[in-house]
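Q: Below is the file start-v2.cif, which contains mmCIF, C-alpha atoms.
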data_run
loop_
_atom_site.label_atom_id
_atom_site.label_comp_id
_atom_site.auth_asym_id
_atom_site.auth_seq_id
_atom_site.Cartn_x
_atom_site.Cartn_y
_atom_site.Cartn_z
CA MET A 1 86.00 54.20 106.31
CA ALA A 2 86.50 57.84 107.37
CA ILE A 3 87.79 60.37 104.85
CA TYR A 4 91.05 60.77 106.81
CA GLU A 5 91.92 57.08 106.44
CA LYS A 6 90.93 57.05 102.78
CA LEU A 7 93.25 59.97 102.06
CA LEU A 8 96.14 58.39 103.97
CA LYS A 9 95.76 55.16 101.97
CA LYS A 10 95.44 57.20 98.75
CA GLU A 11 92.07 55.61 98.10
CA ALA A 12 90.78 59.19 97.82
CA SER A 13 92.31 62.46 96.66
CA ILE A 14 92.35 66.07 97.79
CA SER A 15 91.56 68.83 95.33
CA VAL A 16 92.68 72.43 95.74
CA ILE A 17 90.68 74.91 93.67
CA GLY A 18 92.63 78.09 92.98
CA LEU A 19 96.43 77.83 92.80
CA GLY A 20 97.41 81.35 93.75
CA TYR A 21 99.66 82.47 96.59
CA VAL A 22 97.38 80.59 99.02
CA GLY A 23 96.26 77.53 97.09
CA LEU A 24 99.55 76.42 95.57
CA PRO A 25 101.47 76.06 98.87
CA ILE A 26 98.53 74.11 100.33
CA ALA A 27 98.37 71.80 97.33
CA LEU A 28 102.12 71.11 97.34
CA GLU A 29 102.32 70.50 101.09
CA PHE A 30 99.46 68.01 101.03
CA ALA A 31 100.96 66.39 97.92
CA ARG A 32 104.02 65.39 99.94
CA LYS A 33 101.80 63.04 101.96
CA LEU A 34 98.57 62.56 100.00
CA LYS A 35 97.28 62.39 96.44
CA VAL A 36 96.32 65.85 95.20
CA VAL A 37 94.64 67.46 92.19
CA GLY A 38 95.44 71.17 91.86
CA PHE A 39 92.92 73.08 89.75
CA ASP A 40 93.18 76.57 88.28
CA ILE A 41 91.02 78.20 85.60
CA LYS A 42 93.97 79.85 83.82
CA PRO A 43 95.71 77.42 81.43
CA ASP A 44 98.81 79.62 81.15
CA ARG A 45 99.33 79.49 84.92
CA VAL A 46 98.77 75.73 84.87
CA GLU A 47 101.49 75.29 82.26
CA MET A 48 103.91 77.34 84.35
CA MET A 49 103.23 75.21 87.41
CA LYS A 50 103.61 72.01 85.43
CA ASN A 51 107.11 73.29 84.65
CA HIS A 52 107.73 73.90 88.37
CA ILE A 53 107.32 77.68 88.12
CA ASP A 54 105.22 79.49 90.72
CA PRO A 55 103.36 82.31 88.87
CA SER A 56 103.22 84.27 92.13
CA GLY A 57 107.00 84.11 92.51
CA GLU A 58 106.77 82.88 96.10
CA LEU A 59 107.95 79.27 95.82
CA PRO A 60 111.18 77.88 94.34
CA ALA A 61 111.21 75.05 91.80
CA GLU A 62 112.29 72.66 94.57
CA ALA A 63 108.88 73.06 96.23
CA PHE A 64 107.32 71.01 93.42
CA GLN A 65 109.65 68.06 93.90
CA ASN A 66 108.59 64.81 95.59
CA THR A 67 104.90 65.63 95.31
CA ASP A 68 101.99 63.46 94.17
CA ILE A 69 100.03 66.15 92.35
CA LEU A 70 98.12 66.59 89.10
CA ILE A 71 97.95 70.27 88.11
CA THR A 72 95.08 70.86 85.71
CA ALA A 73 92.61 73.32 84.20
CA ASP A 74 90.09 70.56 83.43
CA PRO A 75 87.23 70.47 85.99
CA ASP A 76 86.52 66.84 85.10
CA ASP A 77 89.72 65.91 86.94
CA LEU A 78 88.02 66.96 90.18
CA ARG A 79 85.56 64.08 89.98
CA SER A 80 88.17 61.69 91.36
CA CYS A 81 88.55 63.81 94.53
CA SER A 82 86.67 63.48 97.81
CA PHE A 83 88.10 66.33 99.87
CA HIS A 84 87.89 69.72 98.16
CA ILE A 85 89.71 72.84 99.36
CA VAL A 86 88.57 76.17 97.89
CA ALA A 87 91.28 78.85 97.97
CA VAL A 88 90.22 81.53 95.50
CA PRO A 89 90.43 85.34 95.91
CA THR A 90 87.63 87.28 97.60
CA PRO A 91 88.13 90.88 96.42
CA VAL A 92 85.92 93.96 96.63
CA ASP A 93 84.41 95.81 93.69
CA LYS A 94 84.92 99.48 92.78
CA HIS A 95 82.38 100.44 95.44
CA ASN A 96 84.30 98.47 98.11
CA LEU A 97 81.54 95.88 98.33
CA PRO A 98 82.35 92.16 98.59
CA ASP A 99 82.79 90.48 95.22
CA LEU A 100 81.95 86.82 95.76
CA GLN A 101 81.94 85.90 92.07
CA PRO A 102 85.26 83.98 92.15
CA LEU A 103 84.13 82.12 95.28
CA LEU A 104 80.70 81.26 93.89
CA ALA A 105 82.17 80.20 90.54
CA ALA A 106 84.60 77.88 92.35
CA THR A 107 81.69 76.52 94.41
CA LYS A 108 79.79 75.70 91.22
CA THR A 109 82.83 73.88 89.87
CA VAL A 110 83.10 71.80 93.03
CA ALA A 111 79.34 71.13 93.12
CA GLN A 112 79.49 69.53 89.68
CA ALA A 113 82.09 67.04 90.96
CA LEU A 114 80.56 66.48 94.40
CA LYS A 115 79.71 62.92 95.49
CA LYS A 116 78.07 61.43 98.54
CA GLY A 117 80.54 61.39 101.43
CA ASP A 118 82.69 64.25 100.08
CA TYR A 119 84.03 67.18 102.08
CA VAL A 120 84.33 70.82 101.00
CA VAL A 121 86.57 73.15 103.02
CA TYR A 122 86.79 76.88 102.29
CA GLU A 123 89.98 78.87 102.92
CA SER A 124 88.93 82.09 101.18
CA THR A 125 88.35 85.03 103.54
CA VAL A 126 84.63 85.86 103.82
CA TYR A 127 82.19 87.54 106.18
CA PRO A 128 80.60 85.36 108.90
CA GLY A 129 77.84 83.26 107.39
CA ALA A 130 79.06 83.22 103.78
CA THR A 131 80.01 79.52 103.75
CA GLU A 132 76.63 78.28 104.94
CA GLU A 133 74.42 81.02 103.49
CA ASP A 134 76.03 81.65 100.08
CA CYS A 135 78.04 78.55 99.21
CA VAL A 136 76.17 75.58 100.68
CA PRO A 137 72.91 76.27 98.76
CA ILE A 138 74.87 76.15 95.48
CA LEU A 139 76.53 72.88 96.48
CA GLU A 140 73.12 71.37 97.29
CA LYS A 141 71.36 72.65 94.20
CA LEU A 142 73.94 71.62 91.60
CA SER A 143 74.93 68.31 93.18
CA GLY A 144 71.45 67.18 94.20
CA LEU A 145 72.92 66.16 97.56
CA LYS A 146 71.84 67.21 101.04
CA PHE A 147 74.18 69.24 103.23
CA SER A 148 75.45 67.52 106.37
CA GLU A 149 73.76 64.24 105.48
CA ASP A 150 75.37 63.58 102.07
CA PHE A 151 78.38 65.89 102.21
CA LYS A 152 80.24 67.85 104.87
CA VAL A 153 81.51 71.43 104.83
CA GLY A 154 84.17 73.24 106.84
CA PHE A 155 86.07 76.50 106.96
CA SER A 156 89.81 76.85 107.62
CA PRO A 157 90.99 80.41 106.92
CA GLU A 158 94.32 80.90 105.20
CA ARG A 159 97.11 82.56 107.15
CA ILE A 160 99.74 82.76 104.44
CA ASN A 161 101.69 86.02 104.45
CA PRO A 162 103.22 86.81 101.02
CA GLY A 163 106.96 87.37 101.15
CA ASP A 164 107.24 85.99 104.70
CA GLN A 165 109.58 83.01 104.90
CA GLU A 166 109.15 82.63 108.67
CA HIS A 167 105.38 82.48 109.15
CA THR A 168 104.61 79.84 106.53
CA LEU A 169 101.70 77.45 106.07
CA THR A 170 103.37 74.66 107.99
CA SER A 171 104.69 76.79 110.86
CA VAL A 172 101.56 78.69 111.98
CA VAL A 173 98.64 77.30 113.97
CA LYS A 174 95.69 76.67 111.64
CA ILE A 175 92.08 77.41 112.56
CA VAL A 176 89.71 74.64 111.49
CA SER A 177 85.95 74.23 111.74
CA GLY A 178 83.27 71.84 110.53
CA CYS A 179 79.52 71.61 110.17
CA ASP A 180 79.34 68.99 112.96
CA ASP A 181 81.59 67.18 115.43
CA GLU A 182 82.51 64.43 112.99
CA SER A 183 83.56 66.81 110.22
CA LEU A 184 85.49 69.01 112.65
CA GLU A 185 87.57 66.06 113.82
CA GLN A 186 88.22 64.75 110.31
CA ILE A 187 89.21 68.18 108.97
CA ALA A 188 91.45 68.80 111.98
CA LYS A 189 93.27 65.47 111.55
CA ILE A 190 93.83 66.13 107.85
CA TYR A 191 95.32 69.58 108.39
CA GLU A 192 97.44 68.28 111.26
CA LEU A 193 99.29 66.22 108.67
CA ILE A 194 101.01 69.36 107.35
CA VAL A 195 100.74 72.02 110.10
CA LYS A 196 103.51 71.41 112.63
CA PRO A 197 102.21 73.58 115.54
CA GLY A 198 98.79 71.93 115.21
CA VAL A 199 95.30 73.32 114.74
CA HIS A 200 92.75 75.29 116.72
CA ARG A 201 89.28 73.73 116.60
CA ALA A 202 86.73 76.53 116.32
CA PRO A 203 83.27 75.60 117.68
CA THR A 204 81.42 76.70 114.51
CA ILE A 205 82.11 77.69 110.92
CA ARG A 206 80.94 81.24 111.67
CA VAL A 207 83.43 81.58 114.51
CA ALA A 208 86.25 80.57 112.16
CA GLU A 209 85.05 83.02 109.50
CA ALA A 210 84.82 85.82 112.06
CA ALA A 211 88.26 85.05 113.51
CA LYS A 212 89.89 85.49 110.12
CA ILE A 213 88.08 88.69 109.25
CA ILE A 214 89.04 90.42 112.51
CA GLU A 215 92.72 89.46 112.20
CA ASN A 216 93.13 91.86 109.30
CA ALA A 217 90.58 94.41 110.53
CA GLN A 218 92.56 94.71 113.76
CA ARG A 219 95.82 95.34 111.90
CA ASP A 220 94.08 97.84 109.63
CA ILE A 221 92.78 99.87 112.55
CA ASN A 222 96.13 99.86 114.35
CA ILE A 223 98.01 100.98 111.24
CA ALA A 224 95.37 103.67 110.64
CA PHE A 225 96.08 105.00 114.13
CA MET A 226 99.78 105.19 113.28
CA ASN A 227 99.00 106.96 110.01
CA GLU A 228 96.79 109.47 111.78
CA LEU A 229 99.54 110.06 114.34
CA SER A 230 101.99 110.69 111.49
CA ILE A 231 99.70 113.40 110.10
CA ILE A 232 99.41 115.05 113.54
CA PHE A 233 103.13 114.79 114.33
CA GLY A 234 103.99 116.04 110.84
CA ARG A 235 102.22 119.30 111.62
CA MET A 236 104.18 119.51 114.86
CA ASN A 237 107.47 118.84 113.05
CA ILE A 238 108.00 115.66 115.09
CA ASN A 239 109.31 112.49 113.42
CA THR A 240 106.77 109.71 113.95
CA TYR A 241 109.40 106.95 113.91
CA ASP A 242 111.34 108.70 116.66
CA VAL A 243 108.15 108.78 118.73
CA LEU A 244 107.41 105.10 118.09
CA GLU A 245 110.96 104.11 119.00
CA ALA A 246 110.65 105.92 122.30
CA ALA A 247 107.15 104.61 123.07
CA GLY A 248 108.22 101.09 122.10
CA THR A 249 110.45 100.85 125.16
CA LYS A 250 107.31 100.17 127.24
CA TRP A 251 106.68 96.43 127.55
CA ASN A 252 103.03 96.50 126.45
CA PHE A 253 103.26 99.04 123.62
CA LEU A 254 101.92 97.58 120.34
CA LYS A 255 104.48 98.10 117.59
CA PHE A 256 102.66 99.15 114.44
CA TYR A 257 104.03 101.61 111.90
CA PRO A 258 102.59 104.11 109.39
CA GLY A 259 102.63 103.49 105.66
CA LEU A 260 100.63 102.67 102.55
CA VAL A 261 98.12 99.90 103.30
CA GLY A 262 97.16 97.89 100.23
CA GLY A 263 97.06 94.29 99.11
CA HIS A 264 94.23 91.81 99.08
CA CYS A 265 93.96 91.21 102.85
CA ILE A 266 94.31 94.22 105.15
CA GLY A 267 93.08 96.63 102.50
CA VAL A 268 90.08 94.45 101.59
CA ASP A 269 88.88 92.22 104.43
CA PRO A 270 87.49 94.97 106.71
CA TYR A 271 84.98 95.84 103.97
CA TYR A 272 83.55 92.33 104.24
CA LEU A 273 82.86 92.87 107.92
CA THR A 274 81.32 96.33 107.46
CA TYR A 275 79.11 94.95 104.68
CA LYS A 276 77.77 92.15 106.84
CA ALA A 277 77.35 94.45 109.85
CA ALA A 278 75.01 96.65 107.79
CA GLU A 279 72.74 93.64 107.24
CA TYR A 280 72.29 93.59 111.01
CA ARG A 281 71.51 97.33 111.00
CA TYR A 282 74.82 98.33 112.53
CA HIS A 283 76.90 100.92 110.72
CA THR A 284 80.51 100.52 111.75
CA LYS A 285 82.39 103.61 112.84
CA VAL A 286 85.87 102.61 114.01
CA ILE A 287 86.44 100.17 111.13
CA ASN A 288 85.23 102.67 108.52
CA ALA A 289 87.37 105.41 110.04
CA GLY A 290 90.43 103.20 109.82
CA ARG A 291 89.70 102.34 106.21
CA TYR A 292 89.26 106.03 105.34
CA VAL A 293 92.59 106.99 106.89
CA ASN A 294 94.52 104.17 105.22
CA ASP A 295 92.88 104.60 101.84
CA SER A 296 93.83 108.30 101.93
CA MET A 297 97.55 107.90 102.65
CA GLY A 298 98.72 107.70 99.03
CA PHE A 299 97.10 111.06 98.31
CA TYR A 300 98.49 112.49 101.56
CA VAL A 301 102.08 111.52 100.69
CA ALA A 302 101.67 113.02 97.21
CA LYS A 303 100.47 116.32 98.66
CA GLN A 304 103.37 116.39 101.10
CA CYS A 305 105.73 115.89 98.17
CA VAL A 306 104.18 118.86 96.39
CA LYS A 307 104.56 121.00 99.52
CA GLN A 308 108.23 120.04 99.81
CA LEU A 309 108.82 120.96 96.15
CA ILE A 310 107.25 124.38 96.71
CA ARG A 311 109.25 124.99 99.90
CA VAL A 312 112.58 124.55 98.12
CA GLY A 313 111.47 126.88 95.33
CA LYS A 314 110.76 124.35 92.58
CA ASN A 315 108.09 124.75 89.92
CA VAL A 316 105.67 121.89 90.58
CA LEU A 317 104.44 121.76 87.01
CA ASN A 318 106.79 119.47 85.09
CA SER A 319 108.90 118.64 88.13
CA LYS A 320 110.41 115.15 87.92
CA VAL A 321 109.78 112.60 90.66
CA LEU A 322 111.07 109.04 90.98
CA VAL A 323 108.84 106.64 92.93
CA MET A 324 110.77 103.62 94.18
CA GLY A 325 108.52 100.65 94.84
CA ALA A 326 105.18 99.75 93.24
CA THR A 327 104.08 96.51 94.89
CA PHE A 328 101.55 96.41 97.72
CA LYS A 329 104.21 95.44 100.28
CA GLU A 330 107.92 94.80 100.58
CA ASN A 331 109.75 91.94 98.85
CA VAL A 332 106.81 90.61 96.82
CA ARG A 333 105.89 90.99 93.16
CA ASP A 334 102.14 91.34 93.78
CA ILE A 335 100.75 94.73 92.70
CA ARG A 336 97.06 94.07 93.39
CA ASN A 337 95.43 96.89 95.34
CA SER A 338 98.75 98.69 95.71
CA ARG A 339 98.22 102.10 97.24
CA VAL A 340 101.38 103.30 95.48
CA ALA A 341 99.07 103.70 92.49
CA ASP A 342 97.14 106.41 94.39
CA LEU A 343 100.41 108.21 95.01
CA VAL A 344 101.47 108.09 91.36
CA ILE A 345 98.07 109.15 90.02
CA GLU A 346 97.87 112.08 92.45
CA LEU A 347 101.37 113.30 91.53
CA LYS A 348 100.49 113.20 87.84
CA GLN A 349 97.36 115.26 88.47
CA TYR A 350 99.64 118.06 89.68
CA GLY A 351 101.42 117.94 86.32
CA ILE A 352 104.47 116.20 87.76
CA LEU A 353 106.50 113.86 85.54
CA VAL A 354 106.67 110.53 87.38
CA ASP A 355 109.04 107.61 86.84
CA ILE A 356 108.48 104.34 88.72
CA SER A 357 111.03 101.65 89.55
CA ASP A 358 110.67 98.36 91.39
CA PRO A 359 112.97 95.31 91.61
CA TYR A 360 110.05 92.87 91.81
CA ALA A 361 107.03 94.28 89.97
CA SER A 362 106.11 93.50 86.36
CA HIS A 363 105.97 96.37 83.85
CA GLU A 364 103.20 94.60 81.91
CA GLU A 365 101.08 93.93 84.99
CA LEU A 366 101.37 97.55 86.13
CA MET A 367 100.37 98.79 82.68
CA HIS A 368 97.37 96.47 82.63
CA GLU A 369 96.25 97.25 86.18
CA TYR A 370 97.01 100.96 86.54
CA GLY A 371 97.96 102.38 83.14
CA PHE A 372 101.59 103.14 84.03
CA GLY A 373 104.73 101.03 83.82
CA LEU A 374 108.28 100.89 85.09
CA THR A 375 111.29 102.94 84.14
CA THR A 376 114.03 100.50 83.18
CA ILE A 377 116.90 102.75 84.27
CA PRO A 378 116.16 105.94 86.25
CA ASP A 379 117.70 108.78 84.21
CA GLY A 380 118.49 111.08 87.13
CA ASN A 381 117.93 114.79 87.65
CA TYR A 382 114.89 114.12 89.84
CA ASP A 383 113.48 116.95 91.91
CA ALA A 384 112.21 114.42 94.44
CA ILE A 385 112.67 110.72 95.10
CA ILE A 386 109.96 108.83 97.00
CA VAL A 387 110.91 105.50 98.56
CA ALA A 388 107.41 104.09 98.88
CA VAL A 389 108.06 100.40 99.62
CA ASN A 390 110.66 98.95 101.97
CA HIS A 391 112.20 96.42 99.56
CA LYS A 392 115.37 94.62 100.71
CA PRO A 393 117.46 95.95 97.78
CA TYR A 394 116.79 99.49 99.02
CA ALA A 395 118.03 98.92 102.57
CA ASP A 396 121.73 99.52 101.83
CA LEU A 397 121.30 102.51 99.54
CA THR A 398 123.28 105.56 100.61
CA GLU A 399 122.71 109.29 100.44
CA GLU A 400 125.36 109.42 97.71
CA TYR A 401 123.20 107.12 95.60
CA PHE A 402 120.14 109.36 95.99
CA LYS A 403 122.25 112.46 95.33
CA SER A 404 123.47 110.91 92.07
CA LEU A 405 119.85 110.74 90.90
CA SER A 406 118.80 114.14 92.22
CA ALA A 407 118.64 117.60 90.74
CA ALA A 408 119.78 120.64 92.72
CA LYS A 409 117.86 121.05 95.98
CA GLY A 410 116.84 117.41 95.80
CA ILE A 411 114.24 115.94 98.14
CA LEU A 412 114.07 112.43 99.58
CA ILE A 413 110.66 111.29 100.80
CA ASP A 414 111.04 108.15 102.89
CA VAL A 415 107.57 106.72 103.51
CA LYS A 416 108.71 103.90 105.82
CA GLY A 417 111.46 105.86 107.58
CA ILE A 418 114.22 103.42 106.59
CA PHE A 419 116.79 106.19 105.97
CA ARG A 420 116.03 108.14 109.12
CA ASN A 421 119.17 109.79 110.53
CA LYS A 422 121.14 108.80 107.42
CA ILE A 423 120.29 111.75 105.17
CA HIS A 424 122.15 115.00 105.85
CA GLU A 425 122.43 116.97 102.60
CA LEU A 426 119.22 116.23 100.75
CA LYS A 427 115.93 117.65 102.01
CA TYR A 428 114.37 114.75 103.96
CA TRP A 429 110.75 113.97 104.87
CA SER A 430 109.05 110.84 106.19
CA LEU A 431 105.75 109.90 107.77
#
Take the structure from the file and write it as structure tokens.
A:
Amino acid sequence: MAIYEKLLKKEASISVIGLGYVGLPIALEFARKLKVVGFDIKPDRVEMMKNHIDPSGELPAEAFQNTDILITADPDDLRSCSFHIVAVPTPVDKHNLPDLQPLLAATKTVAQALKKGDYVVYESTVYPGATEEDCVPILEKLSGLKFSEDFKVGFSPERINPGDQEHTLTSVVKIVSGCDDESLEQIAKIYELIVKPGVHRAPTIRVAEAAKIIENAQRDINIAFMNELSIIFGRMNINTYDVLEAAGTKWNFLKFYPGLVGGHCIGVDPYYLTYKAAEYRYHTKVINAGRYVNDSMGFYVAKQCVKQLIRVGKNVLNSKVLVMGATFKENVRDIRNSRVADLVIELKQYGILVDISDPYASHEELMHEYGFGLTTIPDGNYDAIIVAVNHKPYADLTEEYFKSLSAAKGILIDVKGIFRNKIHELKYWSL
């Protein structure tokens, strides 16, 4: 009997390894139709999920209801599963080189539970070739089984966008791939159970890996172009958002916007491609240039803040600045790889006193990750206020609100341009 039929009859189970912002939605969606084991290495997170709490803050308690799922931190529970989905982070190290340790550790965990006839599907973003070159040998070695003959492997890249309630797992076409025609068809049929628009069958695993990696590299390069334009137009005293609004009236203009590019996708994935390209003796130029521009924007905004302080006659040393927003993007609580940290660190190096506020971020997580925390209640008298992240709670703030927190000759720095044409008394600057 094929794995698809076994899963439908609940004679076999799916496992999802890694219950973060990608893995948990996958596990819960499959658990509405199939039998699922959700595995995570952190017992504290497992306990939260057992109590219907998403540690990532993305899913409501109702998402756990009517699901056939065992959430566990015990790898022995994986032995009852026949279809394994690996959805662990793939970060970069301090040198911006791929860090495959979480992926390889998850692979070892799966290998120890692997049986003849099992499937392993990877969702973690990697460079082309990683599944077959880095993961499969571990599966073979630790399981004693032979790839393709005894077990099948596929790759189906995640497309979950944190904080996005429109483009969800079930509403976006899913790329699937397998190691042969049989595995491709079985994997496709299984994912079609939960993905309403259907799946795209990639011809090879490497094609699927490459498709995912360029999705974020493309966005990174386009945003870098916008950021570079904002630097140029800033010197010309032209508002970038005014330019983009005008240019956007053309039907084929691509609407990207400047800003701080962080997170664990756009700010990370291009480095996986540049790393693999070097193995083939090609040193990327456009991708590296985009990464340089985007990685520099936090420092650029900080320097522009200092220039604005000097222009209005303020003493930079011991000036007070409020930074509003600390997460890597709007309306999420995730602070990983937030470029706001670059902004804060740079301001402090000028001797500026910096307070940080955010309606979603955790004080403890910020302290652990970056060495600074949140100000519970902004105390006012700020020489400059920097709105760094476009959170929903900020959208309706008025100039009167910012004035109430500002010292004389106050400055508002609006990174995302959300208060453009709404500020008339405070000194205003945006990208």
Q: Counting all atoms listed in the file, what is within 6 Å of stretch 251-265 of chain A, bar same-chain residues fewer than 3 positions away, as a list in words?
A: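 In the requested format, the answer is Ile223, Met226, Asn227, Gly248, Val268, Asp269, Asn294, Phe328, Arg336, Asn337, Ser338 and Arg339 of chain A.
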Q: Measuring between only C-alpha atoms, which one of A:Gly23, A:Gly313, A:Gly373, A:Pro75 shows the shortest distance to A:Gly410?
A: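 The closest residue to A:Gly410 is A:Gly313.
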Q: Go through the shown structure with the PyMOL selection byres ((chain A and resi 162) around 8) and write out the matching residues as a list in words.
A: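 Evaluating the PyMOL selection byres ((chain A and resi 162) around 8) on these coordinates yields Tyr21, Glu58, Ile160, Asn161, Gly163, Asp164 and Val332 of chain A.
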Q: Could you spell out the hits of the PyMOL selection byres ((chain A and resi 187-200) around 9) on the shown file, as a PyMOL selection string?
A: chain A and resi 3-4+7-8+26+29-30+32-33+119+121+154+156+169-178+182-186+201-202
Q: If you take every atom of stretch 129-133 of chain A that the file lists and fit an axis-aligned box around them with 5 Å extra on each side, what centre and edge lengths come out in Å to one decimal, as JSON?
A:
{"center_x": 77.2, "center_y": 80.8, "center_z": 105.4, "size_x": 15.6, "size_y": 15.0, "size_z": 13.9}
Q: Using the chain letters and numbering of this document, enumerate as a PDB file with C-alpha atoms, keeping the file's coordinate frame the residues selected by the PyMOL selection byres ((chain A and resi 389-391) around 10).
A:
ATOM      1  CA  GLY A 259     102.630 103.490 105.660  1.00  0.00           C
ATOM      2  CA  LEU A 260     100.630 102.670 102.550  1.00  0.00           C
ATOM      3  CA  VAL A 323     108.840 106.640  92.930  1.00  0.00           C
ATOM      4  CA  MET A 324     110.770 103.620  94.180  1.00  0.00           C
ATOM      5  CA  GLY A 325     108.520 100.650  94.840  1.00  0.00           C
ATOM      6  CA  ALA A 326     105.180  99.750  93.240  1.00  0.00           C
ATOM      7  CA  THR A 327     104.080  96.510  94.890  1.00  0.00           C
ATOM      8  CA  PHE A 328     101.550  96.410  97.720  1.00  0.00           C
ATOM      9  CA  LYS A 329     104.210  95.440 100.280  1.00  0.00           C
ATOM     10  CA  GLU A 330     107.920  94.800 100.580  1.00  0.00           C
ATOM     11  CA  ASN A 331     109.750  91.940  98.850  1.00  0.00           C
ATOM     12  CA  VAL A 332     106.810  90.610  96.820  1.00  0.00           C
ATOM     13  CA  VAL A 340     101.380 103.300  95.480  1.00  0.00           C
ATOM     14  CA  ASP A 358     110.670  98.360  91.390  1.00  0.00           C
ATOM     15  CA  PRO A 359     112.970  95.310  91.610  1.00  0.00           C
ATOM     16  CA  TYR A 360     110.050  92.870  91.810  1.00  0.00           C
ATOM     17  CA  ILE A 386     109.960 108.830  97.000  1.00  0.00           C
ATOM     18  CA  VAL A 387     110.910 105.500  98.560  1.00  0.00           C
ATOM     19  CA  ALA A 388     107.410 104.090  98.880  1.00  0.00           C
ATOM     20  CA  LYS A 392     115.370  94.620 100.710  1.00  0.00           C
ATOM     21  CA  PRO A 393     117.460  95.950  97.780  1.00  0.00           C
ATOM     22  CA  TYR A 394     116.790  99.490  99.020  1.00  0.00           C
ATOM     23  CA  ALA A 395     118.030  98.920 102.570  1.00  0.00           C
ATOM     24  CA  ASP A 414     111.040 108.150 102.890  1.00  0.00           C
ATOM     25  CA  VAL A 415     107.570 106.720 103.510  1.00  0.00           C
ATOM     26  CA  LYS A 416     108.710 103.900 105.820  1.00  0.00           C
ATOM     27  CA  GLY A 417     111.460 105.860 107.580  1.00  0.00           C
ATOM     28  CA  ILE A 418     114.220 103.420 106.590  1.00  0.00           C
TER      29      ILE A 418
END
Q: So the first atom is atom CA of A:Ile345 and the second is atom CA of A:Leu374; what is the distance between them in Å, to one decimal place?
A: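 One can read the atom CA of A:Ile345 to atom CA of A:Leu374 distance as 14.0 Å.
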Q: Interatomic distance between atom CA of A:Ala27 and atom CA of A:Ile14?
A: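 One can read the atom CA of A:Ala27 to atom CA of A:Ile14 distance as 8.3 Å.
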Q: Between atom CA of A:Tyr382 and atom CA of A:Ala407, what is the distance, to one decimal in Å?
A: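 Spanning atom CA of A:Tyr382 to atom CA of A:Ala407 is a straight-line distance of 5.2 Å.
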Q: List as a list in words the protein and nucleic acid residues near A:Cys179, meaning an atom at most 8 Å away when all atoms listed in the file are counted, but skip any in the same chain fewer than 6 places from it.
A: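 Final neighbour list, sorted by chain and number: Ser148, Lys152, Val153, Gly154, Thr204 and Ile205 of chain A.
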Q: Could you save those same residues with C-alpha atoms as a tab-separated table (two decimals), in the coordinates of the input?
A:
chain	number	residue	atom	x	y	z
A	148	SER	CA	75.45	67.52	106.37
A	152	LYS	CA	80.24	67.85	104.87
A	153	VAL	CA	81.51	71.43	104.83
A	154	GLY	CA	84.17	73.24	106.84
A	204	THR	CA	81.42	76.70	114.51
A	205	ILE	CA	82.11	77.69	110.92
Q: Which residue is closest to A:Tyr271? Choose from A:Pro157, A:Pro128, A:Pro98, A:Gly380 and count only C-alpha atoms.
A: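 The answer is A:Pro98, which sits nearest to A:Tyr271.
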